[in-house]
Every structure is written in structure tokens, then in C-alpha cells.
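First comes the structure, then the notes that go with it.
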Amino acid sequence: MKTDIQIAQEAYLEPVTKVAEKLQIPEDALELYGKYKAKISDEYLDKISGNPEGKLILVTAINPTPAGEGKTTTSVGLGQAFASLGKKAVITLREPSLGPCFGIKGGAAGGGYSQVVPMEDLNLHFTGDFHAITSANNLLAALLDNHIQQGNELGIDPRAVVWKRCMDMNDRVLRNIVVGLGSRADGVVREDHFVITVASEIMAVLCLAADMKDLKERLGRMVVAYNYQGKPVTAAELNAVGSMAALLKDAMKPNLIQTLEHTPALIHGGPFANIAHGCSSLRSTRAALRMADYVITEAGFGADLGAEKFFDIKCRIGSLHPDAVVLVATIRALKYHGGALRTNLGKEDLDALKKGIVNLAKHIENLHKYHVPVIVTLNSFVTDTEAEIACVKQFCQDRDCEFALSQVWEKGGEGGIALADKILETLEEKESGFQVLYKDDLSLREKIETITREIYGGKEVHYSSQAQKQLDQLEALGFGTLPVCMAKTQYSLSDDPELLGSPRDFTLNVREAYVSAGAGFVVVLTGAVMTMPGLSKNPAAFQIDVNEDGIITGLF
């Protein structure tokens, strides 16, 4: 069996100019990064802004397990299936982060015969967008500390600096550090912190900004610290906006690449879904809707995180109206949620399947609350039995939910035709009545408790004393009307990663809250979730290498 990277490296890639022709993008609208990657110019995006919009299809999943679910693989394969049916389709995905790529999760290019390529470029430096975001983030941090050092005219309280430095790597020792040690000229001594680049507010800002004007306004609103009177200090007050925008100028442009079957794919932005809002850029989604008849996008991790934030943050801010949702599951993952051991997931086990399918049931229930048609797809494995597949199919049909089997990992677009046909049928028969879960005028606590009760299945929320003070302060400062971005473990509907299946009536623990005023949401940290991940004992980095011919191996 060939590995994903072997399949990708053996594939024939069309020049990106030829891929662009499928969307009627002229060559002079492309800014080329070699033969197979390009950015789309601002001028062209403005030119197509009045085009009619296509159908927006979100791909999400059950809570992830070590067995794997294949959400990105399904997204890519579905785009290929639409293209093979003669439909004008485009895929919009996030850019992978180096942290999980070298950590435990691996890359994010799909898998098998449903990948976006060039796979190595995408999973590593790509077009430099993450480097630009990291640089802009750390420029702001440097300007902030320099302001304090140079007289501190804004009266910033060094104990109330909330802007953190970032890097796109899992490095736990940088979570809590001390800066400014040394001589008087080396700065003011204070505690500082790092987050991973995909958790930086600048990543969220870039992914939610409509254009350069909007980007600069959002950058300017970002709260970096509080003064001695407890009032917020913004990036605009530090005169940091222009220089940050200059670093982000090219990163604002969506990236165009292709799938293994040459279907166009816009890859842009990459906020984590467990600690940020987990969606590709609003700009790339809007562009895709004006380029194609069918747009397939995805949201990170399970539907309790990615889909909820896609609907309640991205769609709310961007006035998007999704037409259908694909919910990805695997027999193996459902059995894992039902208590089956990882070593036994390849064996038929209807008892474990029936116990674990409650996780799928909860996600179906949740998605129906947004009034968007739902199609469940099983990402097929060779170990799945007919009895297991029939069990899941009947379960979905009993819940007024469409069902289709997906074999895109093995067969590429051909393996996704059944799913594509089911989506087309659903779009014809059912109209989306999309609506967000909660209204803007609810208090921050009411929003948190609504998500806890309606999406997670919890009974109540416990707030630390710190979180209570922070929420009170944020509402007093006028941030109470913003949506909330829940930072929570991806492995469970609760904030405890060990609670699999569909836990009920638990208490969600909120330990901290802060505003991302530029992005336009309040971040709520729950449980033990970290904004700077660490590496495992045997990280994926141990397997990655490059040979004498420059061929990279070990990426997955």
C-alpha cells in the first residue's frame, strides 16, 4: 500500500495556470509561486465581487479519535466527485500548521487519492502566509515592549499586557517566560507568553477581513494591554497598524493549487478549531462562491467546535448562508466512542458501534438546530462490514438524515460520486433555512451557557473567579455583544477529553476569557486546553527526512 506522500509525489500536476482556467481565472490575475502554486490578485477579486454566488457546502465531522475520520480527505474527494460529474466546483481549505505537522496530527492535505498538491509545499512553508502572520504578531509585541521602555506615554501596566508572542511550532517551554532580563537597556522585566501562530489574533483577523481597509481597521482594534486605569490599549494607539499591514499585504491573497485530479482548491488561512475559530478565510470562501457553482469547505475538528464556530462566527460576521452540511464519520471511530480498544477496531463489533453511535446522534441533533440540510457520510475502510454499514445507514434514516458511503481515499473522485449525487439531490429537494444558534444581544455568559447546553449537552457552567472578573470587565467595556469562541478539547463534547460518546449533564469549566476585538469575538478557555501545544514523546518530526535527491519522506 502506497503512503500518502508516495501517491502525491508520483502524481502528474497541471501547471497552475491551466487549473485556473477551470474557474475562468485569466493568467494575468495570478501571482505565481513556481509552476504549481499561485496567489489570486486583489484586482481580480474585486472584478468578480458582483458575480452570482454558488452553493456553499460545509464538511464537518464527529469528535476526532485515534482511529481517524478523514474530514479533509472527504472534502477533497467530494470536490473531485463534483468535477467528475461535470460540475463547476472548487474546494476551500485551511493551510496546515507546522506545529501539528511535526507533532502528532500530521499534515492537512487529505489522504490516499483525495489530496491537494503539491503536498509537501502545502504542509511546510507553502507561500509564506504563516511566516507573515508570525512576523506581524511579533512586530506588534516588539513595538509594545519598546513603548513601555521608551517612556510608556500610554500608561500601560506591564502586569496587564495581554498580547503574546507566537511561533508556528509546538513548544511547551515558551508557554510562560520572563522577558526583559539583563541591564536597564534590555527592557522592563515582566512575565510573557507564547501562543502557536494559528492561535494568534492576527490569524483570525486575516481570516475574517474582507479587504485591506477592513484588515487595517481590525488590526487597529486589537487589544494589546490595559493601562493603570484598567482601560484597553489598542494596536492603533501603538501606531503599529501600517507596518503590520505591510507584512500581511500578500498573505491577504488566497492561494490556488489543485487536487490529484486537478480540481481547483483555494487554500487560505489556518486558525485552529480547538483554540481559535477553525475556518479558512472569509475572503477565499467569498471568492470561491463567485467563481464556482459548488463550493466545498470544511471546519476544523468535530462539529461541536468547527461547525459551531463556522456558523456562529464566520457565517455571522461574513453574512454567509450555507446550503448543506456533510457530517463525516467512520465505523472505526464510532466503535472507539463505544469503548472498543484501538487494537480491535478492525473487527466487527455491533455492540460497540451502537454504544458509540450516540456521538454521531448528538452531532446530527446539533446541526439540525442551524436549519441546514444534513448528509451523513461514512468514510469507508476495508474492515467495515455490511452489517455495520447497514446499522449506521438505518440510524441516519431514522433521524431524517440523508446517508451516503464515501470511498474517496481509495478511489478519489469516483469514490465520492454517491455522496455528490446525494448532496445534489438534497439541494434540489430541501432549502436551507440557516440561522445562528444565539442572538447578539445575549450576555456573554448566556452565550457560553447556550453553547454548553445546546451543543455540548452539558447542564451548567462553572466559572473560575478570574473568568468571572474578566467576563464582567469585557461586558463593561462594551464587548458583550460579540460572539464567543470556545477553546475546548476536540476529543469530547465536554471539556474532559476522556469523556467519549455523548456525555450529558456535565459541568463545563471556564477558567479564562479575553477579547479578540479585531477578530470580533470573545475567546473562552475551558478545561485544560492550551494555546501553545507541546510535542509528544515520539513526534512525527522523527519520521520526516529528505534524501540526497531532495525528495522529502515521512510526511503524512
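Residue numbering restarts at 1 in every chain; chains get A, B, ... in the order shown in the C-alpha cells, and ligands count up from 1 in that same order.
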Pick out the residues sitting within 9 Å of Ala299 (chain A), and hand them over as a list in words; count only C-alpha atoms, and ignore anything fewer than 2 positions along from it in its own chain.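 Final neighbour list, sorted by chain and number: Leu58, Val59, Thr60, Ala61, Lys71, Leu93, Arg94, Ala273, His277, Gly278, Cys279, Ser280, Thr297, Phe301, Gly302, Ala303, Leu305, Gly306, Ala307, Glu308, Lys309 and Phe310 of chain A.
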Name all residues at most 6 Å from Val374 (chain A) (count only C-alpha atoms; drop same-chain ones fewer than 5 positions away) and give them as a list in words.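 These residues fall inside the cut-off: Val325, Val326 and Cys401 of chain A.
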Keeping all heavy atoms, export the residues of the selection given above as a compact mmCIF listing (two decimals), in the first residue's frame.
# COMPACT_ATOMS: atom_id res chain seq x y z
N VAL A 325 -24.80 20.57 4.84
CA VAL A 325 -23.69 20.15 5.70
C VAL A 325 -23.46 18.66 5.51
O VAL A 325 -24.40 17.86 5.55
CB VAL A 325 -23.98 20.41 7.19
CG1 VAL A 325 -22.78 20.02 8.04
CG2 VAL A 325 -24.35 21.84 7.44
N VAL A 326 -22.20 18.28 5.31
CA VAL A 326 -21.80 16.88 5.26
C VAL A 326 -21.13 16.55 6.58
O VAL A 326 -20.17 17.20 6.99
CB VAL A 326 -20.84 16.61 4.08
CG1 VAL A 326 -20.35 15.16 4.12
CG2 VAL A 326 -21.51 16.92 2.76
N CYS A 401 -32.15 12.02 8.23
CA CYS A 401 -30.82 12.47 7.81
C CYS A 401 -30.38 11.65 6.61
O CYS A 401 -30.43 10.41 6.64
CB CYS A 401 -29.85 12.30 8.98
SG CYS A 401 -28.25 13.04 8.71
Got a sec: who's within 12 Å of Arg332 (chain A), counting only C-alpha atoms, leaving out chain neighbours fewer than 3 positions off, as a PyMOL selection string? chain A and resi 62+64-70+329+335-350+352-354+356-357+378-385+388-389+392
Just the strand (DSSP E) stuff from region 175-212 of chain A, please, per backbone DSSP, written as a list in words.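 After running DSSP on the backbone, region 175-212 of chain A has strand (DSSP E) at Ile177, Val178, Val179, Arg190, Glu191, Asp192, Phe194, Val195 and Ile196 of chain A.
Around Thr234 (chain A), within 6 Å and counting only C-alpha atoms, the residues found are Arg221, Met222, Val223, Val224, Ala236 and Glu237 of chain A, once anything fewer than 2 positions away on its own chain is removed.
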